[in-house]
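First the structure, in the form of structure tokens, and then the observations on it.
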Amino acid sequence: MHRIIPLRIGSFDLSYTNAALLMTIAVILITALTLLSTRRAALIPGRWQSIAEMSYEFVADMVESNVGREGMAYFPFIFTLFMFILFANLLGLIPYSFSVTGQIIVTFAMAAVVFTGVTIIGFVRHGLHFLRFFVPEGVPALLLVILVPIEVLSYFIRPFTLAIRLFANMLAGHTMLGIFAGFAAILGIFAIFPVAVDVLLLALELLVAVLQAYVFAILSCLYLNDAIHMH
Amino acid sequence: MVALPEMSEDPPSDPLARLGEKLDKARAQRVPVRKAGGNAGLQQGLALGLRVGVELVTAVVVAGALGWAIDRWLGTRPWVMLVMLFLGIAAGMLNVYRAVTGMGMAVGYPRRQGPKGPTERPSGKWDDDEEV
């Protein structure tokens, strides 16, 4: 990560880095895809319109089947989240670019937004009743002393797992690519083998990039479902 | 005549509002489609597989780190960290168990037998089937 436009305000370093640049590109691309492809919307969609419609329907289906009809109110958020992570992941695979989602602070910021939002939605919809979440029913009072902390802990671990999963997968993938590229640099004529491995790994990374965006979005849906329909 | 927002109370006169109503009606009638087999199954299997490993590790690490921080703050090394580590292991196992048994990531225990997979959850009737 390096600074493109250095900027310091007080003790904060607000420089425009290459990470910020990649995020900007991702946002611009998503906006362009959704706006341009639907500007001349046709009944029989062209290629770009198909891409936009398929991603829309994919996320809409996911939200509806996991959260239910009430969840559709949060569809724009989940869609934005999914598209942003997907594009950030995919852009990171382009050589010489930068994988934003391989930075734990980025993934953690997104996970924290999901976690805080879901918790607030839970409290707004259920009030203090939401706290019943942490108290399993039909358990002797003595066991509650142990069980309630475990429940609370497993709830507060959510944003961390959400963040670390995405971050670790992206980091691991890029590290692997980097290691094999490093082999290629020292092997001379035999560099063809590590390069071949890298090509295969890149295909795997494509799968991981899409899958991790899906996992992040679907887990957000599941958390949302918990908050909306408490069991 | 320009359609003003306040006019939406009246029976919709402009074609757009009528179309909106029609769309709403059609949407309400649409039955959620259950996709069967093949691709969806693979996708969900992969997603689940990628989930559980991280779940277990993170729980222990986060709980341990939290315990370590509390210890440093209160000067009670190493007791809080030890307790938190065990709680973390338990919480991690619990999360994995929940993910694998298809309870989603729900905290707490469902009072009734819900449908199995997270995607098979009926959207409307989640709260009003049999009470136990």
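Following the order of the structure tokens, first chain is A, next is B, and so on, with residues numbered from 1 inside each chain and ligands from 1 in the order they appear.
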
- Task: Considering only C-alpha atoms, return as an NGL selection string whatever protein or nucleic-acid residues lie within 9 Å of range 88-104 of chain A, sequence-local ones (same chain, fewer than 3 positions apart) excluded.
- Result: :A and (1 or 18-20 or 22-23 or 25-27 or 83-85 or 107-109 or 163-164 or 166-172 or 174 or 202 or 205-206 or 208-210 or 212-213)

- Message: Distance cut-off 8 Å, counting only C-alpha atoms - which residues of chain A neighbour chain B? Return them as a ChimeraX atom specification.
- Response: /A:64-69,133-137,149-151,153-155,157,160-161,164-165,211-212,214-215,219,222-223,226,229,231

- Message: Please extract the residues of range 75-212 of chain A with a backbone DSSP assignment of alpha helix (DSSP H) and present them as a VMD selection string.
- Response: chain A and resid 75 to 92 104 to 126 141 to 156 158 to 186 192 to 212

- Item | All residues 10 Å or closer to Trp68 in chain B, only C-alpha atoms, same chain fewer than 2 positions away omitted, as a VMD selection string | chain B and resid 62 to 66 70 to 82 84 to 85

- Separation of CA of Thr31 in chain A from CA of Asn225 in chain A in Å: 27.6 Å

- Query: Leaving out Ile228 in chain A and any residue of its chain fewer than 6 positions from it, which residues lie within 10 Å of it when counting only C-alpha atoms, given as a list of chain:residue names?
  - Reply: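 Once the nearby chain positions are removed, what remains is A:Val67, A:Gly68, A:Glu70, A:Gly71, A:Val118, A:Thr119, A:Ile121, A:Gly122, A:Phe123, A:Val124, A:Arg125, A:His126, A:Phe130, A:Leu222.
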